[in-house]
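Chemist: One structure, pasted below without further comment.
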Amino acid sequence: MKKSERTAIIKWSEKLTDAELEKEYYDSVFDCMGSEAERMYELGYDIRDIYERERYEKYLCEKSDLLRTCCEQRGIEL
């Protein structure tokens, strides 16, 4: 994740209420569960598509971690 993306997510999260931030965190955790890239390997997708999906899944996990940190800084119990 680029620094500008991290900064944008942090600024966006600062505008959310505690309840909204907690919901966004749980949504992001759900989004990064499982891997479609593994299934793409099995189905014989083009390797470039698989790498793109892997990068996107990595981004989702990093976003989830960042939102968790934001929640912890606000004192929101997860």
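Residue numbering restarts at 1 for every chain of the structure tokens, chains are lettered A, B, ... in their displayed order, and ligands are numbered from 1 as they appear.
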Give me the residues near A:Glu38 as a list in words, where near means some atom within 10 Å (using only C-alpha atoms) and where sequence neighbours in that chain fewer than 6 positions away do not count.
Modeler: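 The contact residues come out as Ile50, Arg53 and Glu54 of chain A.
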Chemist: List the spatial neighbours of A:Thr17 as a PDB file with all heavy atoms, in the first residue's frame - criterion: any atom at most 12 Å away, only C-alpha atoms, same-chain residues fewer than 5 positions off excluded.
Modeler:
```pdb
ATOM      1  N   TRP A  12     -10.039   9.421   6.018  1.00  0.00           N
ATOM      2  CA  TRP A  12     -11.422   8.967   5.851  1.00  0.00           C
ATOM      3  C   TRP A  12     -11.949   8.385   7.165  1.00  0.00           C
ATOM      4  O   TRP A  12     -13.069   8.675   7.573  1.00  0.00           O
ATOM      5  CB  TRP A  12     -11.465   7.931   4.728  1.00  0.00           C
ATOM      6  CG  TRP A  12     -12.733   7.162   4.644  1.00  0.00           C
ATOM      7  CD1 TRP A  12     -13.941   7.605   4.189  1.00  0.00           C
ATOM      8  CD2 TRP A  12     -12.927   5.815   5.034  1.00  0.00           C
ATOM      9  NE1 TRP A  12     -14.875   6.610   4.270  1.00  0.00           N
ATOM     10  CE2 TRP A  12     -14.271   5.492   4.789  1.00  0.00           C
ATOM     11  CE3 TRP A  12     -12.093   4.836   5.559  1.00  0.00           C
ATOM     12  CZ2 TRP A  12     -14.793   4.235   5.054  1.00  0.00           C
ATOM     13  CZ3 TRP A  12     -12.607   3.583   5.813  1.00  0.00           C
ATOM     14  CH2 TRP A  12     -13.949   3.296   5.562  1.00  0.00           C
ATOM     15  N   GLU A  22     -16.071   0.857  13.451  1.00  0.00           N
ATOM     16  CA  GLU A  22     -16.099  -0.549  13.840  1.00  0.00           C
ATOM     17  C   GLU A  22     -16.743  -1.400  12.741  1.00  0.00           C
ATOM     18  O   GLU A  22     -16.229  -2.462  12.391  1.00  0.00           O
ATOM     19  CB  GLU A  22     -16.865  -0.720  15.150  1.00  0.00           C
ATOM     20  CG  GLU A  22     -16.841  -2.133  15.684  1.00  0.00           C
ATOM     21  CD  GLU A  22     -17.533  -2.260  17.034  1.00  0.00           C
ATOM     22  OE1 GLU A  22     -17.994  -1.241  17.594  1.00  0.00           O
ATOM     23  OE2 GLU A  22     -17.597  -3.401  17.523  1.00  0.00           O
ATOM     24  N   LYS A  23     -17.832  -0.909  12.165  1.00  0.00           N
ATOM     25  CA  LYS A  23     -18.487  -1.642  11.073  1.00  0.00           C
ATOM     26  C   LYS A  23     -17.563  -1.762   9.866  1.00  0.00           C
ATOM     27  O   LYS A  23     -17.447  -2.829   9.261  1.00  0.00           O
ATOM     28  CB  LYS A  23     -19.786  -0.949  10.675  1.00  0.00           C
ATOM     29  CG  LYS A  23     -20.529  -1.678   9.561  1.00  0.00           C
ATOM     30  CD  LYS A  23     -21.697  -0.857   9.053  1.00  0.00           C
ATOM     31  CE  LYS A  23     -22.424  -1.505   7.916  1.00  0.00           C
ATOM     32  NZ  LYS A  23     -21.609  -1.914   6.792  1.00  0.00           N
ATOM     33  N   GLU A  24     -16.897  -0.684   9.512  1.00  0.00           N
ATOM     34  CA  GLU A  24     -15.971  -0.712   8.369  1.00  0.00           C
ATOM     35  C   GLU A  24     -14.825  -1.690   8.616  1.00  0.00           C
ATOM     36  O   GLU A  24     -14.380  -2.379   7.699  1.00  0.00           O
ATOM     37  CB  GLU A  24     -15.412   0.682   8.090  1.00  0.00           C
ATOM     38  CG  GLU A  24     -16.413   1.635   7.504  1.00  0.00           C
ATOM     39  CD  GLU A  24     -16.898   1.233   6.124  1.00  0.00           C
ATOM     40  OE1 GLU A  24     -16.165   0.554   5.376  1.00  0.00           O
ATOM     41  OE2 GLU A  24     -18.049   1.587   5.793  1.00  0.00           O
ATOM     42  N   CYS A  70      -6.607   2.084  13.800  1.00  0.00           N
ATOM     43  CA  CYS A  70      -7.431   3.274  14.044  1.00  0.00           C
ATOM     44  C   CYS A  70      -8.432   3.014  15.175  1.00  0.00           C
ATOM     45  O   CYS A  70      -8.649   3.869  16.034  1.00  0.00           O
ATOM     46  CB  CYS A  70      -8.166   3.694  12.781  1.00  0.00           C
ATOM     47  SG  CYS A  70      -7.101   4.321  11.472  1.00  0.00           S
ATOM     48  N   CYS A  71      -9.030   1.829  15.174  1.00  0.00           N
ATOM     49  CA  CYS A  71      -9.975   1.464  16.234  1.00  0.00           C
ATOM     50  C   CYS A  71      -9.279   1.417  17.586  1.00  0.00           C
ATOM     51  O   CYS A  71      -9.801   1.930  18.586  1.00  0.00           O
ATOM     52  CB  CYS A  71     -10.611   0.103  15.938  1.00  0.00           C
ATOM     53  SG  CYS A  71     -11.829   0.124  14.619  1.00  0.00           S
ATOM     54  N   ARG A  74      -8.622   4.797  19.056  1.00  0.00           N
ATOM     55  CA  ARG A  74      -9.837   5.431  19.592  1.00  0.00           C
ATOM     56  C   ARG A  74     -10.361   4.722  20.836  1.00  0.00           C
ATOM     57  O   ARG A  74     -11.282   5.184  21.469  1.00  0.00           O
ATOM     58  CB  ARG A  74     -10.947   5.421  18.551  1.00  0.00           C
ATOM     59  CG  ARG A  74     -10.777   6.404  17.447  1.00  0.00           C
ATOM     60  CD  ARG A  74     -12.100   6.596  16.772  1.00  0.00           C
ATOM     61  NE  ARG A  74     -11.991   7.221  15.489  1.00  0.00           N
ATOM     62  CZ  ARG A  74     -13.011   7.511  14.724  1.00  0.00           C
ATOM     63  NH1 ARG A  74     -14.246   7.212  15.104  1.00  0.00           N
ATOM     64  NH2 ARG A  74     -12.851   8.086  13.569  1.00  0.00           N
ATOM     65  N   ILE A  76     -11.666   1.618  20.770  1.00  0.00           N
ATOM     66  CA  ILE A  76     -12.812   0.773  20.404  1.00  0.00           C
ATOM     67  C   ILE A  76     -12.399  -0.680  20.584  1.00  0.00           C
ATOM     68  O   ILE A  76     -11.412  -1.131  20.029  1.00  0.00           O
ATOM     69  CB  ILE A  76     -13.221   1.007  18.932  1.00  0.00           C
ATOM     70  CG1 ILE A  76     -13.614   2.470  18.715  1.00  0.00           C
ATOM     71  CG2 ILE A  76     -14.350   0.076  18.522  1.00  0.00           C
ATOM     72  CD1 ILE A  76     -13.816   2.845  17.251  1.00  0.00           C
TER      73      ILE A  76
END
```
Chemist: Give me the residues within 12 Å of A:Glu5 as a list in words, counting only C-alpha atoms and dropping any in the same chain fewer than 3 places off.
Modeler: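 So, after excluding close chain neighbours, the residues are Met1, Lys2, Ala8, Ile9, Ile10, Lys11, Trp12, Tyr59, Leu60, Glu62, Lys63 and Leu66 of chain A.
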Chemist: Which residue, A:Glu42, A:Glu72, A:Asp18, A:Asp31, has the smallest gap to A:Tyr56 when you use only C-alpha atoms?
Modeler: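 Once distances to A:Tyr56 are computed over only C-alpha atoms, the minimum belongs to A:Asp31.
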Chemist: So how far away is atom CA of A:Lys15 from atom CA of A:Gly75, in Å?
Modeler: 15.8 Å
Chemist: Restricting the calculation to only C-alpha atoms: of A:Arg55, A:Leu67, A:Gln73, A:Arg6, which residue gets closest to A:Leu21?
Modeler: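 Ranked by minimum distance to A:Leu21, first place goes to A:Leu67.
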Chemist: Between A:Glu57, A:Ser13, A:Glu77, A:Thr7, which one has atoms that come closest to A:Cys32, using only C-alpha atoms?
Modeler: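 Using only C-alpha atoms, the shortest distance to A:Cys32 belongs to A:Glu57.
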Chemist: Grab the atom CA of A:Ser28 to atom CA of A:Ser64 distance for me, in Å with one decimal place.
Modeler: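 Value for the atom CA of A:Ser28-atom CA of A:Ser64 distance: 5.2 Å.
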Chemist: For atom CA of A:Val29 and atom CA of A:Leu16, determine how far apart the two atoms are, in Å to one decimal place.
Modeler: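 Distance reported for this atom pair: 17.3 Å.
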Chemist: Where in stretch 1-71 of chain A does DSSP assign alpha helix (DSSP H), given as a PyMOL selection string?
Modeler: chain A and resi 3-14+18-31+36-43+47-71
